[in-house]
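> Structure provided below as structure tokens; questions to follow.
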Amino acid sequence: VRDATGALRAALVTDARVARLHSRAALTALRRAGLDVHMIVVPAGERSKSLVRLNQTWSFLARSGIGRADAVIALGGGVVGDLAGFAAATWWRGVPWINVPTTVIAQADSAIGGKTAIDLDWGKNLVGAYHQPAAVLVDPDLLGTLSEREYRAGMAEVIKTGFVADRELFGRLECETEALSRRHRPTLGRILSQTLAAKGRIVAGDEREREGGRRTALNFGHTLGHALEAALGYRTLKHGQAIAIGMRFAAWLSVGEAGLAPGSAQRLETLLDRWRMPRRVPAGVDTTRLRRYLSQDKKGRHGVRWVLTPRVGHASVPRLISDRRIRAALKRFGARHG
Ligand SMILES: NC(=O)c1ccc[n+]([C@@H]2O[C@H](COP(=O)([O-])OP(=O)(O)OC[C@H]3O[C@@H](n4cnc5c(N)ncnc54)[C@H](O)[C@@H]3O)[C@@H](O)[C@H]2O)c1
Ligand SMILES: [Zn+2]
């Protein structure tokens, strides 16, 4: 922390579950390094990406006397990273922060790219900022305490990155499913760093996600995935599970619209099956409801654009696909006609 920021004082932000499992070790290490550390614990879960918790975090930064020479440290999953990162981005118009991600999603995805945000009643990630952390400390050992459900769901983002950005990574994921599923430390470490490197290459060319820019590739599977999460009120499916369905859907569209070989789509299906990811739109979600959320998901004037892939390891710029085709495809994936 001191090497990266020069700080002598730090505010550690974490959630209740991570605090129980890992805060003692973190506090000890930080204090041993000579830092004056203050800790705030927010409830675990997406609901902490809120104005209420942000306000509470700002008050805590004020009480702890955190200024520009100090640092904010996020210890937790994507929720804590997004909340603490946004608090750091806005406090004194930006103080340094350090991210210590503790979930697969956070280690493989949110740890890189510098996006921070909170949710509002009107939608997810509506208020945020780009604020690069001064350092990211990725320790795969921290994943050892993650629940099986969280661990598996997080792998969807890893698979996505391979499928749209790194063919070699995707191949490794196919060969090493077994070692990964028992969280074999060296395998996990290699896969995570390859995933981060692939994401880093994409983000480097397009930090602010321009329309049609390279970063949009990372939204593969997310167009339908986000709509499913919203339609289900963010309860039934984990983010990774929702995008697994979204990726199957986008791969199926890619076969018809982008020339993806059916065998390549099948490789994705098989890998997602091996991780026991859901296959179909859950019961009770109808096409009308889904299409309403689809058209809300960022895409502007010209209707919904879909990230497709012409071959493994590549993505094409988001493409408009006719509503009629989407409706038919949704039915094929189990959405009720409505
Ligand atoms: N900024 C970005 O670029 C970016 C990218 C992807 C996702 N995100 C955001 O990240 C969030 C999802 O992240 P998440 O899945 O990490 O959610 P999360 O932070 O809520 O973590 C999931 C659960 O795992 C628990 N947990 C965390 N680490 C643990 C550990 N080591 N052992 C045991 N339990 C642990 C948490 O307490 C929580 O209950 C979403 O809000 C999403 O918008 C941001
Ligand atoms: Zn995602």
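Ordering of the structure tokens sets the chain letters (A, B, ...), residue numbers begin anew at 1 in every chain, and ligands are numbered from 1 in the order given.
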Using DSSP secondary structure from the backbone, list all strand (DSSP E) positions within region 78-292 of chain A, as JSON, numbers by chain.

{"A": [97, 98, 99, 100, 101, 115, 116, 117, 118, 119, 120, 123, 124, 125, 126, 127, 128, 129, 130, 135, 136]}

> Mind writing the picked residues with N, CA and C atoms as an mmCIF file, in the first residue's frame?


```
data_model
loop_
_atom_site.group_PDB
_atom_site.id
_atom_site.type_symbol
_atom_site.label_atom_id
_atom_site.label_comp_id
_atom_site.auth_asym_id
_atom_site.auth_seq_id
_atom_site.Cartn_x
_atom_site.Cartn_y
_atom_site.Cartn_z
ATOM 1 N N TRP A 97 -6.865 4.680 -4.404
ATOM 2 C CA TRP A 97 -7.461 3.495 -3.780
ATOM 3 C C TRP A 97 -6.756 2.239 -4.252
ATOM 4 N N ILE A 98 -6.874 1.211 -3.426
ATOM 5 C CA ILE A 98 -6.250 -0.073 -3.717
ATOM 6 C C ILE A 98 -7.323 -1.134 -3.662
ATOM 7 N N ASN A 99 -7.347 -1.989 -4.659
ATOM 8 C CA ASN A 99 -8.388 -3.006 -4.726
ATOM 9 C C ASN A 99 -7.811 -4.367 -4.354
ATOM 10 N N VAL A 100 -8.429 -5.005 -3.358
ATOM 11 C CA VAL A 100 -8.066 -6.377 -3.009
ATOM 12 C C VAL A 100 -9.302 -7.235 -3.247
ATOM 13 N N PRO A 101 -9.463 -7.724 -4.485
ATOM 14 C CA PRO A 101 -10.679 -8.453 -4.838
ATOM 15 C C PRO A 101 -10.696 -9.850 -4.223
ATOM 16 N N LYS A 115 -13.675 0.920 -13.653
ATOM 17 C CA LYS A 115 -15.070 1.360 -13.521
ATOM 18 C C LYS A 115 -15.505 1.243 -12.063
ATOM 19 N N THR A 116 -16.181 2.273 -11.555
ATOM 20 C CA THR A 116 -16.747 2.226 -10.207
ATOM 21 C C THR A 116 -18.172 2.768 -10.297
ATOM 22 N N ALA A 117 -19.053 2.317 -9.422
ATOM 23 C CA ALA A 117 -20.434 2.789 -9.522
ATOM 24 C C ALA A 117 -21.283 2.334 -8.348
ATOM 25 N N ILE A 118 -22.415 3.014 -8.183
ATOM 26 C CA ILE A 118 -23.467 2.515 -7.295
ATOM 27 C C ILE A 118 -24.762 2.386 -8.105
ATOM 28 N N ASP A 119 -25.745 1.697 -7.514
ATOM 29 C CA ASP A 119 -27.041 1.510 -8.168
ATOM 30 C C ASP A 119 -28.036 2.541 -7.638
ATOM 31 N N LEU A 120 -29.006 2.883 -8.453
ATOM 32 C CA LEU A 120 -30.138 3.699 -7.994
ATOM 33 C C LEU A 120 -31.409 2.888 -8.198
ATOM 34 N N GLY A 123 -31.973 1.804 -11.798
ATOM 35 C CA GLY A 123 -31.176 0.809 -12.502
ATOM 36 C C GLY A 123 -29.799 0.641 -11.889
ATOM 37 N N LYS A 124 -29.102 -0.368 -12.378
ATOM 38 C CA LYS A 124 -27.766 -0.708 -11.865
ATOM 39 C C LYS A 124 -26.699 0.218 -12.427
ATOM 40 N N ASN A 125 -25.694 0.492 -11.649
ATOM 41 C CA ASN A 125 -24.495 1.228 -12.085
ATOM 42 C C ASN A 125 -24.824 2.573 -12.746
ATOM 43 N N LEU A 126 -25.869 3.238 -12.274
ATOM 44 C CA LEU A 126 -26.290 4.468 -12.950
ATOM 45 C C LEU A 126 -25.401 5.660 -12.613
ATOM 46 N N VAL A 127 -24.824 5.658 -11.409
ATOM 47 C CA VAL A 127 -23.951 6.764 -11.039
ATOM 48 C C VAL A 127 -22.571 6.190 -10.765
ATOM 49 N N GLY A 128 -21.590 6.688 -11.483
ATOM 50 C CA GLY A 128 -20.261 6.121 -11.280
ATOM 51 C C GLY A 128 -19.181 6.983 -11.884
ATOM 52 N N ALA A 129 -17.969 6.447 -11.860
ATOM 53 C CA ALA A 129 -16.829 7.197 -12.393
ATOM 54 C C ALA A 129 -15.765 6.203 -12.836
ATOM 55 N N TYR A 130 -14.932 6.652 -13.751
ATOM 56 C CA TYR A 130 -13.727 5.884 -14.058
ATOM 57 C C TYR A 130 -12.646 6.362 -13.093
ATOM 58 N N ALA A 135 -3.274 0.250 -7.177
ATOM 59 C CA ALA A 135 -2.766 -1.124 -7.241
ATOM 60 C C ALA A 135 -3.922 -2.098 -7.071
ATOM 61 N N VAL A 136 -3.756 -3.292 -7.614
ATOM 62 C CA VAL A 136 -4.733 -4.362 -7.433
ATOM 63 C C VAL A 136 -3.963 -5.576 -6.926
#
```

> So that I can check the surroundings of region 215-220 of chain A, please list as a list of chain:residue names every protein, DNA and RNA residue that reaches within 9 Å of it, counting only C-alpha atoms and ignoring chain neighbours fewer than 5 positions away.

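Near region 215-220 of chain A, the qualifying residues are A:Glu157, A:Lys160, A:Thr161, A:Val164, A:Ala165, A:Lys199, A:Ile202, A:Val203, A:Ala204, A:Gly205, A:Asp206, A:Glu207, A:Arg208, A:Glu209, A:Arg210, A:Ile243, A:Gly246, A:Met247, A:Ala250, A:Ala251, A:Trp306, A:Val307, A:Leu308, A:Thr309, A:His314, A:Ala315, A:Ser316, A:Val317, A:Pro318.
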
> Would you output that residue set with N, CA and C atoms, as a tab-separated table (two decimals), in the first residue's frame?


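Wrote it out as out-v1.tsv, contents follow:
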```
chain	number	residue	atom	x	y	z
A	157	GLU	N	-17.67	-15.33	-16.24
A	157	GLU	CA	-16.94	-14.17	-16.78
A	157	GLU	C	-15.59	-14.61	-17.37
A	160	LYS	N	-16.34	-16.21	-20.64
A	160	LYS	CA	-16.67	-15.15	-21.60
A	160	LYS	C	-15.40	-14.51	-22.18
A	161	THR	N	-14.48	-14.16	-21.29
A	161	THR	CA	-13.27	-13.48	-21.75
A	161	THR	C	-12.50	-14.35	-22.73
A	164	VAL	N	-14.46	-14.49	-26.24
A	164	VAL	CA	-14.46	-13.32	-27.13
A	164	VAL	C	-13.08	-12.69	-27.34
A	165	ALA	N	-12.09	-13.11	-26.52
A	165	ALA	CA	-10.84	-12.35	-26.59
A	165	ALA	C	-9.57	-13.18	-26.60
A	199	LYS	N	-8.32	-9.14	-20.63
A	199	LYS	CA	-9.19	-7.98	-20.41
A	199	LYS	C	-8.38	-6.69	-20.53
A	202	ILE	N	-7.91	-5.51	-24.05
A	202	ILE	CA	-9.12	-4.91	-24.62
A	202	ILE	C	-9.36	-3.51	-24.07
A	203	VAL	N	-9.24	-3.39	-22.75
A	203	VAL	CA	-9.54	-2.12	-22.10
A	203	VAL	C	-8.52	-1.05	-22.50
A	204	ALA	N	-7.28	-1.46	-22.69
A	204	ALA	CA	-6.22	-0.49	-23.01
A	204	ALA	C	-6.56	0.30	-24.27
A	205	GLY	N	-7.20	-0.34	-25.23
A	205	GLY	CA	-7.51	0.37	-26.46
A	205	GLY	C	-8.80	1.17	-26.40
A	206	ASP	N	-9.53	1.06	-25.29
A	206	ASP	CA	-10.87	1.65	-25.28
A	206	ASP	C	-11.34	1.84	-23.85
A	207	GLU	N	-10.61	2.70	-23.13
A	207	GLU	CA	-10.85	2.79	-21.69
A	207	GLU	C	-12.28	3.19	-21.35
A	208	ARG	N	-12.88	4.04	-22.18
A	208	ARG	CA	-14.20	4.58	-21.83
A	208	ARG	C	-15.36	3.93	-22.57
A	209	GLU	N	-15.14	2.77	-23.14
A	209	GLU	CA	-16.19	2.03	-23.83
A	209	GLU	C	-16.95	2.91	-24.82
A	210	ARG	N	-16.24	3.35	-25.88
A	210	ARG	CA	-16.90	4.10	-26.95
A	210	ARG	C	-17.93	3.22	-27.65
A	243	ILE	N	-25.59	-14.37	-17.27
A	243	ILE	CA	-24.83	-14.16	-18.50
A	243	ILE	C	-24.48	-15.50	-19.18
A	246	GLY	N	-27.23	-15.80	-21.35
A	246	GLY	CA	-27.02	-14.77	-22.37
A	246	GLY	C	-25.96	-15.15	-23.38
A	247	MET	N	-24.91	-15.83	-22.93
A	247	MET	CA	-23.84	-16.25	-23.85
A	247	MET	C	-24.30	-17.36	-24.77
A	250	ALA	N	-26.37	-15.56	-27.30
A	250	ALA	CA	-25.57	-14.76	-28.24
A	250	ALA	C	-24.78	-15.66	-29.19
A	251	ALA	N	-24.34	-16.81	-28.70
A	251	ALA	CA	-23.60	-17.74	-29.57
A	251	ALA	C	-24.56	-18.31	-30.63
A	306	TRP	N	-26.39	-6.24	-30.48
A	306	TRP	CA	-25.89	-7.47	-29.86
A	306	TRP	C	-24.42	-7.67	-30.20
A	307	VAL	N	-23.65	-8.01	-29.17
A	307	VAL	CA	-22.26	-8.39	-29.41
A	307	VAL	C	-22.26	-9.83	-29.88
A	308	LEU	N	-21.74	-10.07	-31.07
A	308	LEU	CA	-21.70	-11.43	-31.61
A	308	LEU	C	-20.24	-11.83	-31.79
A	309	THR	N	-20.03	-13.10	-32.05
A	309	THR	CA	-18.67	-13.53	-32.29
A	309	THR	C	-18.59	-14.38	-33.56
A	314	HIS	N	-12.70	-13.95	-30.75
A	314	HIS	CA	-12.97	-12.68	-31.43
A	314	HIS	C	-14.41	-12.24	-31.17
A	315	ALA	N	-14.62	-10.93	-31.25
A	315	ALA	CA	-15.99	-10.41	-31.17
A	315	ALA	C	-16.16	-9.36	-32.25
A	316	SER	N	-17.38	-9.24	-32.74
A	316	SER	CA	-17.62	-8.20	-33.73
A	316	SER	C	-18.27	-7.00	-33.04
A	317	VAL	N	-18.26	-5.86	-33.70
A	317	VAL	CA	-18.92	-4.70	-33.11
A	317	VAL	C	-20.40	-5.03	-32.95
A	318	PRO	N	-21.04	-4.46	-31.90
A	318	PRO	CA	-22.44	-4.77	-31.66
A	318	PRO	C	-23.30	-4.51	-32.89
```

> Which polymer residues have any atom within 10 Å of an atom of Gly6 (chain A), counting only C-alpha atoms, with same-chain residues fewer than 3 positions away left out, as a list in words?

Val1, Arg2, Asp3, Arg9, Ala69, Asp70, Ala71 and Pro96 of chain A

> Keeping only N, CA, C and O atoms, write the selected residues to a file as a CSV table (one decimal), in the first residue's frame.


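Listed below is the output, result_16.csv:
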```
chain,number,residue,atom,x,y,z
A,1,VAL,N,0.8,-1.2,0.0
A,1,VAL,CA,0.0,0.0,0.0
A,1,VAL,C,0.9,1.2,0.0
A,1,VAL,O,0.7,2.2,-0.8
A,2,ARG,N,1.9,1.2,0.9
A,2,ARG,CA,2.7,2.4,0.9
A,2,ARG,C,3.6,2.6,-0.3
A,2,ARG,O,3.8,3.7,-0.8
A,3,ASP,N,4.0,1.4,-0.9
A,3,ASP,CA,4.8,1.5,-2.2
A,3,ASP,C,3.9,2.2,-3.3
A,3,ASP,O,4.3,3.0,-4.0
A,9,ARG,N,-2.0,6.6,6.2
A,9,ARG,CA,-3.3,6.3,6.8
A,9,ARG,C,-4.2,5.7,5.7
A,9,ARG,O,-4.2,6.1,4.5
A,69,ALA,N,-3.5,12.5,0.6
A,69,ALA,CA,-2.3,11.8,0.8
A,69,ALA,C,-2.5,10.3,1.4
A,69,ALA,O,-1.6,9.6,1.5
A,70,ASP,N,-3.8,10.0,1.6
A,70,ASP,CA,-4.1,8.7,2.2
A,70,ASP,C,-4.7,7.8,1.2
A,70,ASP,O,-4.7,8.1,0.0
A,71,ALA,N,-5.2,6.6,1.6
A,71,ALA,CA,-5.7,5.7,0.6
A,71,ALA,C,-7.0,5.0,1.1
A,71,ALA,O,-7.2,4.8,2.3
A,96,PRO,N,-6.4,8.2,-3.8
A,96,PRO,CA,-5.9,6.9,-4.3
A,96,PRO,C,-6.7,5.8,-3.6
A,96,PRO,O,-7.1,5.9,-2.5
```

> Can you list, as number ranges by chain, all residues belonging to region 6-190 of chain A that DSSP tags as helix (DSSP H, G or I)?

A: 16-32, 46-48, 51-63, 78-93, 104-110, 140-145, 148-165, 167-175, 177-181, 185-190

> Deliver the residues from the most recent selection as a file, using C-alpha atoms, as an mmCIF file, in the first residue's frame.


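Full text of part-v7.cif as output:
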```cif
data_model
loop_
_atom_site.group_PDB
_atom_site.id
_atom_site.type_symbol
_atom_site.label_atom_id
_atom_site.label_comp_id
_atom_site.auth_asym_id
_atom_site.auth_seq_id
_atom_site.Cartn_x
_atom_site.Cartn_y
_atom_site.Cartn_z
ATOM 1 C CA ALA A 16 -19.807 -8.371 6.730
ATOM 2 C CA ARG A 17 -19.030 -11.811 5.328
ATOM 3 C CA VAL A 18 -15.556 -10.943 4.081
ATOM 4 C CA ALA A 19 -14.855 -9.140 7.357
ATOM 5 C CA ARG A 20 -15.659 -12.301 9.282
ATOM 6 C CA LEU A 21 -13.329 -14.410 7.131
ATOM 7 C CA HIS A 22 -10.460 -12.163 6.137
ATOM 8 C CA SER A 23 -10.381 -8.802 7.908
ATOM 9 C CA ARG A 24 -8.230 -9.859 10.818
ATOM 10 C CA ALA A 25 -5.400 -11.019 8.545
ATOM 11 C CA ALA A 26 -5.725 -7.910 6.399
ATOM 12 C CA LEU A 27 -5.676 -5.517 9.360
ATOM 13 C CA THR A 28 -2.690 -7.276 10.886
ATOM 14 C CA ALA A 29 -0.724 -7.113 7.634
ATOM 15 C CA LEU A 30 -1.558 -3.455 7.059
ATOM 16 C CA ARG A 31 -0.724 -2.424 10.625
ATOM 17 C CA ARG A 32 2.478 -4.392 10.526
ATOM 18 C CA GLU A 46 -25.669 -5.923 -4.111
ATOM 19 C CA ARG A 47 -27.898 -3.690 -1.987
ATOM 20 C CA SER A 48 -24.790 -2.109 -0.500
ATOM 21 C CA LEU A 51 -26.576 6.000 -1.874
ATOM 22 C CA VAL A 52 -27.170 5.120 1.767
ATOM 23 C CA ARG A 53 -23.957 3.075 2.014
ATOM 24 C CA LEU A 54 -22.033 5.602 -0.060
ATOM 25 C CA ASN A 55 -23.086 8.363 2.302
ATOM 26 C CA GLN A 56 -22.105 6.203 5.243
ATOM 27 C CA THR A 57 -18.715 5.569 3.637
ATOM 28 C CA TRP A 58 -18.144 9.294 3.013
ATOM 29 C CA SER A 59 -18.968 10.024 6.675
ATOM 30 C CA PHE A 60 -16.543 7.345 7.694
ATOM 31 C CA LEU A 61 -13.802 8.845 5.472
ATOM 32 C CA ALA A 62 -14.452 12.214 7.095
ATOM 33 C CA ARG A 63 -14.289 10.791 10.616
ATOM 34 C CA GLY A 78 -17.351 -6.508 -6.990
ATOM 35 C CA VAL A 79 -19.851 -4.804 -4.710
ATOM 36 C CA VAL A 80 -17.256 -3.562 -2.242
ATOM 37 C CA GLY A 81 -14.877 -2.666 -5.090
ATOM 38 C CA ASP A 82 -17.516 -0.603 -6.902
ATOM 39 C CA LEU A 83 -18.681 1.146 -3.713
ATOM 40 C CA ALA A 84 -15.244 1.833 -2.226
ATOM 41 C CA GLY A 85 -13.828 2.773 -5.630
ATOM 42 C CA PHE A 86 -16.612 5.284 -6.220
ATOM 43 C CA ALA A 87 -16.223 6.705 -2.722
ATOM 44 C CA ALA A 88 -12.496 7.133 -3.458
ATOM 45 C CA ALA A 89 -13.238 8.686 -6.854
ATOM 46 C CA THR A 90 -15.464 11.339 -5.327
ATOM 47 C CA TRP A 91 -13.814 12.002 -1.960
ATOM 48 C CA TRP A 92 -11.751 15.186 -2.248
ATOM 49 C CA ARG A 93 -12.382 14.855 -6.023
ATOM 50 C CA VAL A 104 -13.844 -14.737 -8.976
ATOM 51 C CA ILE A 105 -15.854 -11.939 -10.621
ATOM 52 C CA ALA A 106 -13.800 -9.309 -8.874
ATOM 53 C CA GLN A 107 -10.436 -10.996 -9.490
ATOM 54 C CA ALA A 108 -11.114 -11.814 -13.124
ATOM 55 C CA ASP A 109 -13.207 -8.858 -14.196
ATOM 56 C CA SER A 110 -13.884 -5.847 -11.988
ATOM 57 C CA PRO A 140 -6.342 -16.650 -5.486
ATOM 58 C CA ASP A 141 -6.040 -18.135 -1.966
ATOM 59 C CA LEU A 142 -8.777 -15.719 -0.895
ATOM 60 C CA LEU A 143 -11.169 -17.625 -3.172
ATOM 61 C CA GLY A 144 -10.885 -20.699 -0.972
ATOM 62 C CA THR A 145 -13.689 -19.518 1.311
ATOM 63 C CA GLU A 148 -19.617 -23.181 -4.465
ATOM 64 C CA ARG A 149 -22.439 -21.176 -6.065
ATOM 65 C CA GLU A 150 -20.453 -17.916 -6.081
ATOM 66 C CA TYR A 151 -17.346 -19.650 -7.345
ATOM 67 C CA ARG A 152 -19.100 -21.366 -10.255
ATOM 68 C CA ALA A 153 -21.094 -18.306 -11.269
ATOM 69 C CA GLY A 154 -17.917 -16.245 -11.379
ATOM 70 C CA MET A 155 -16.370 -18.648 -13.867
ATOM 71 C CA ALA A 156 -18.898 -17.438 -16.449
ATOM 72 C CA GLU A 157 -16.940 -14.168 -16.785
ATOM 73 C CA VAL A 158 -13.701 -16.084 -17.239
ATOM 74 C CA ILE A 159 -15.256 -18.261 -19.933
ATOM 75 C CA LYS A 160 -16.670 -15.150 -21.605
ATOM 76 C CA THR A 161 -13.269 -13.482 -21.751
ATOM 77 C CA GLY A 162 -11.740 -16.548 -23.372
ATOM 78 C CA PHE A 163 -14.554 -16.913 -25.845
ATOM 79 C CA VAL A 164 -14.462 -13.319 -27.131
ATOM 80 C CA ALA A 165 -10.839 -12.348 -26.588
ATOM 81 C CA ARG A 167 -8.774 -18.504 -27.995
ATOM 82 C CA GLU A 168 -5.854 -20.045 -26.141
ATOM 83 C CA LEU A 169 -7.429 -19.210 -22.771
ATOM 84 C CA PHE A 170 -10.697 -20.769 -23.919
ATOM 85 C CA GLY A 171 -8.854 -23.954 -24.895
ATOM 86 C CA ARG A 172 -7.184 -24.113 -21.499
ATOM 87 C CA LEU A 173 -10.504 -23.705 -19.754
ATOM 88 C CA GLU A 174 -11.741 -26.736 -21.674
ATOM 89 C CA CYS A 175 -8.723 -28.827 -20.646
ATOM 90 C CA THR A 177 -12.118 -27.714 -15.900
ATOM 91 C CA GLU A 178 -11.475 -30.419 -13.349
ATOM 92 C CA ALA A 179 -8.457 -28.733 -11.682
ATOM 93 C CA LEU A 180 -10.278 -25.411 -11.712
ATOM 94 C CA SER A 181 -13.398 -26.832 -10.165
ATOM 95 C CA ARG A 185 -4.149 -23.036 -6.679
ATOM 96 C CA PRO A 186 -1.494 -22.904 -9.465
ATOM 97 C CA THR A 187 -4.062 -23.581 -12.214
ATOM 98 C CA LEU A 188 -6.402 -20.949 -10.828
ATOM 99 C CA GLY A 189 -3.565 -18.432 -10.558
ATOM 100 C CA ARG A 190 -2.543 -18.974 -14.190
#
```

> Give me the residues near His226 (chain A) as a list in words, where near means some atom within 9 Å (using only C-alpha atoms) and where sequence neighbours in that chain fewer than 2 positions away do not count.

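In the requested form, the answer reads Gly221, His222, Thr223, Leu224, Leu228, Glu229, Ala230, Ala231, His239, Ala242, Ile243, Gly246, Tyr293, Leu294 and Asp297 of chain A.
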
> Can you spit out the residues from that selection as a PDB file, in the first residue's frame, using N, CA, C and O atoms?


```pdb
ATOM      1  N   GLY A 221     -22.976 -11.695 -24.129  1.00  0.00           N
ATOM      2  CA  GLY A 221     -23.834 -12.410 -23.177  1.00  0.00           C
ATOM      3  C   GLY A 221     -24.541 -11.503 -22.188  1.00  0.00           C
ATOM      4  O   GLY A 221     -25.427 -11.942 -21.453  1.00  0.00           O
ATOM      5  N   HIS A 222     -24.149 -10.233 -22.146  1.00  0.00           N
ATOM      6  CA  HIS A 222     -24.684  -9.335 -21.130  1.00  0.00           C
ATOM      7  C   HIS A 222     -25.981  -8.652 -21.556  1.00  0.00           C
ATOM      8  O   HIS A 222     -26.709  -8.154 -20.702  1.00  0.00           O
ATOM      9  N   THR A 223     -26.247  -8.596 -22.848  1.00  0.00           N
ATOM     10  CA  THR A 223     -27.464  -7.916 -23.291  1.00  0.00           C
ATOM     11  C   THR A 223     -28.672  -8.679 -22.751  1.00  0.00           C
ATOM     12  O   THR A 223     -29.497  -8.118 -22.024  1.00  0.00           O
ATOM     13  N   LEU A 224     -28.740  -9.967 -23.063  1.00  0.00           N
ATOM     14  CA  LEU A 224     -29.828 -10.760 -22.497  1.00  0.00           C
ATOM     15  C   LEU A 224     -29.609 -10.986 -20.999  1.00  0.00           C
ATOM     16  O   LEU A 224     -30.562 -10.974 -20.219  1.00  0.00           O
ATOM     17  N   LEU A 228     -32.393 -10.414 -18.117  1.00  0.00           N
ATOM     18  CA  LEU A 228     -32.889 -11.496 -17.265  1.00  0.00           C
ATOM     19  C   LEU A 228     -32.786 -11.117 -15.790  1.00  0.00           C
ATOM     20  O   LEU A 228     -33.721 -11.331 -15.016  1.00  0.00           O
ATOM     21  N   GLU A 229     -31.638 -10.562 -15.406  1.00  0.00           N
ATOM     22  CA  GLU A 229     -31.471 -10.163 -14.001  1.00  0.00           C
ATOM     23  C   GLU A 229     -32.546  -9.148 -13.608  1.00  0.00           C
ATOM     24  O   GLU A 229     -33.138  -9.248 -12.538  1.00  0.00           O
ATOM     25  N   ALA A 230     -32.758  -8.153 -14.481  1.00  0.00           N
ATOM     26  CA  ALA A 230     -33.730  -7.109 -14.162  1.00  0.00           C
ATOM     27  C   ALA A 230     -35.143  -7.691 -14.114  1.00  0.00           C
ATOM     28  O   ALA A 230     -35.912  -7.413 -13.198  1.00  0.00           O
ATOM     29  N   ALA A 231     -35.471  -8.543 -15.104  1.00  0.00           N
ATOM     30  CA  ALA A 231     -36.821  -9.103 -15.166  1.00  0.00           C
ATOM     31  C   ALA A 231     -37.105  -9.978 -13.944  1.00  0.00           C
ATOM     32  O   ALA A 231     -38.246 -10.117 -13.515  1.00  0.00           O
ATOM     33  N   HIS A 239     -25.384 -13.081 -11.220  1.00  0.00           N
ATOM     34  CA  HIS A 239     -24.986 -12.413 -12.459  1.00  0.00           C
ATOM     35  C   HIS A 239     -24.342 -13.401 -13.450  1.00  0.00           C
ATOM     36  O   HIS A 239     -24.693 -13.440 -14.626  1.00  0.00           O
ATOM     37  N   ALA A 242     -26.868 -15.610 -15.100  1.00  0.00           N
ATOM     38  CA  ALA A 242     -27.665 -14.889 -16.107  1.00  0.00           C
ATOM     39  C   ALA A 242     -26.861 -14.703 -17.393  1.00  0.00           C
ATOM     40  O   ALA A 242     -27.382 -14.890 -18.494  1.00  0.00           O
ATOM     41  N   ILE A 243     -25.586 -14.369 -17.266  1.00  0.00           N
ATOM     42  CA  ILE A 243     -24.832 -14.164 -18.503  1.00  0.00           C
ATOM     43  C   ILE A 243     -24.483 -15.495 -19.176  1.00  0.00           C
ATOM     44  O   ILE A 243     -24.246 -15.536 -20.375  1.00  0.00           O
ATOM     45  N   GLY A 246     -27.227 -15.801 -21.347  1.00  0.00           N
ATOM     46  CA  GLY A 246     -27.024 -14.769 -22.369  1.00  0.00           C
ATOM     47  C   GLY A 246     -25.963 -15.153 -23.385  1.00  0.00           C
ATOM     48  O   GLY A 246     -26.091 -14.868 -24.584  1.00  0.00           O
ATOM     49  N   TYR A 293     -37.033  -4.905 -20.994  1.00  0.00           N
ATOM     50  CA  TYR A 293     -35.736  -4.681 -20.340  1.00  0.00           C
ATOM     51  C   TYR A 293     -34.586  -4.643 -21.339  1.00  0.00           C
ATOM     52  O   TYR A 293     -33.608  -3.950 -21.143  1.00  0.00           O
ATOM     53  N   LEU A 294     -34.727  -5.407 -22.419  1.00  0.00           N
ATOM     54  CA  LEU A 294     -33.679  -5.393 -23.443  1.00  0.00           C
ATOM     55  C   LEU A 294     -33.528  -4.005 -24.037  1.00  0.00           C
ATOM     56  O   LEU A 294     -32.420  -3.520 -24.239  1.00  0.00           O
ATOM     57  N   ASP A 297     -31.552  -1.466 -21.882  1.00  0.00           N
ATOM     58  CA  ASP A 297     -30.141  -1.686 -21.588  1.00  0.00           C
ATOM     59  C   ASP A 297     -29.266  -0.845 -22.506  1.00  0.00           C
ATOM     60  O   ASP A 297     -29.004  -1.222 -23.628  1.00  0.00           O
TER      61      ASP A 297
END
```

> How many Å separate CA of Arg183 (chain A) from CA of Val13 (chain A)?

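Result for CA of Arg183 (chain A) versus CA of Val13 (chain A): 26.2 Å, one decimal.
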
> Work out how far apart CA of Gly284 (chain A) and CA of Gly225 (chain A) are and give it in Å to one decimal.

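Going from CA of Gly284 (chain A) over to CA of Gly225 (chain A), I get 15.7 Å.
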
> Using only C-alpha atoms and all ligand atoms, pick whichever of A:Ser264, A:Ser147, A:Thr5, A:Thr287 has the shortest atom-to-atom distance to ligand 1.

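So, comparing all the options, the nearest one is A:Ser147.
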
> Out of A:Gly303, A:Gly313, A:Gly76, A:Pro262, which residue has the shortest atom-to-atom distance to Val41 (chain A) when counting only C-alpha atoms?

A:Gly76

> Find the residues around region 319-323 of chain A up to 6 Å (only C-alpha atoms counted), leave out those fewer than 2 positions away in its own chain, and share them as a list in words.

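Final neighbour list, sorted by chain and number: Val304, Arg305, Trp306, Arg325 and Ile326 of chain A.
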
> Keeping only N, CA, C and O atoms, write the selected residues to a file as a CSV table (one decimal), in the first residue's frame.


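Just written: out_37.csv:
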```csv
chain,number,residue,atom,x,y,z
A,304,VAL,N,-31.9,-2.5,-30.2
A,304,VAL,CA,-30.9,-3.2,-29.4
A,304,VAL,C,-29.8,-3.8,-30.3
A,304,VAL,O,-30.0,-4.3,-31.3
A,305,ARG,N,-28.6,-3.5,-29.8
A,305,ARG,CA,-27.4,-4.0,-30.5
A,305,ARG,C,-26.8,-5.2,-29.8
A,305,ARG,O,-26.8,-5.2,-28.5
A,306,TRP,N,-26.4,-6.2,-30.5
A,306,TRP,CA,-25.9,-7.5,-29.9
A,306,TRP,C,-24.4,-7.7,-30.2
A,306,TRP,O,-24.0,-7.5,-31.4
A,325,ARG,N,-36.6,-11.6,-35.2
A,325,ARG,CA,-35.6,-12.7,-35.0
A,325,ARG,C,-35.4,-12.9,-33.5
A,325,ARG,O,-35.2,-14.0,-33.0
A,326,ILE,N,-35.3,-11.8,-32.7
A,326,ILE,CA,-35.0,-11.9,-31.3
A,326,ILE,C,-36.2,-12.6,-30.6
A,326,ILE,O,-36.0,-13.5,-29.8
```
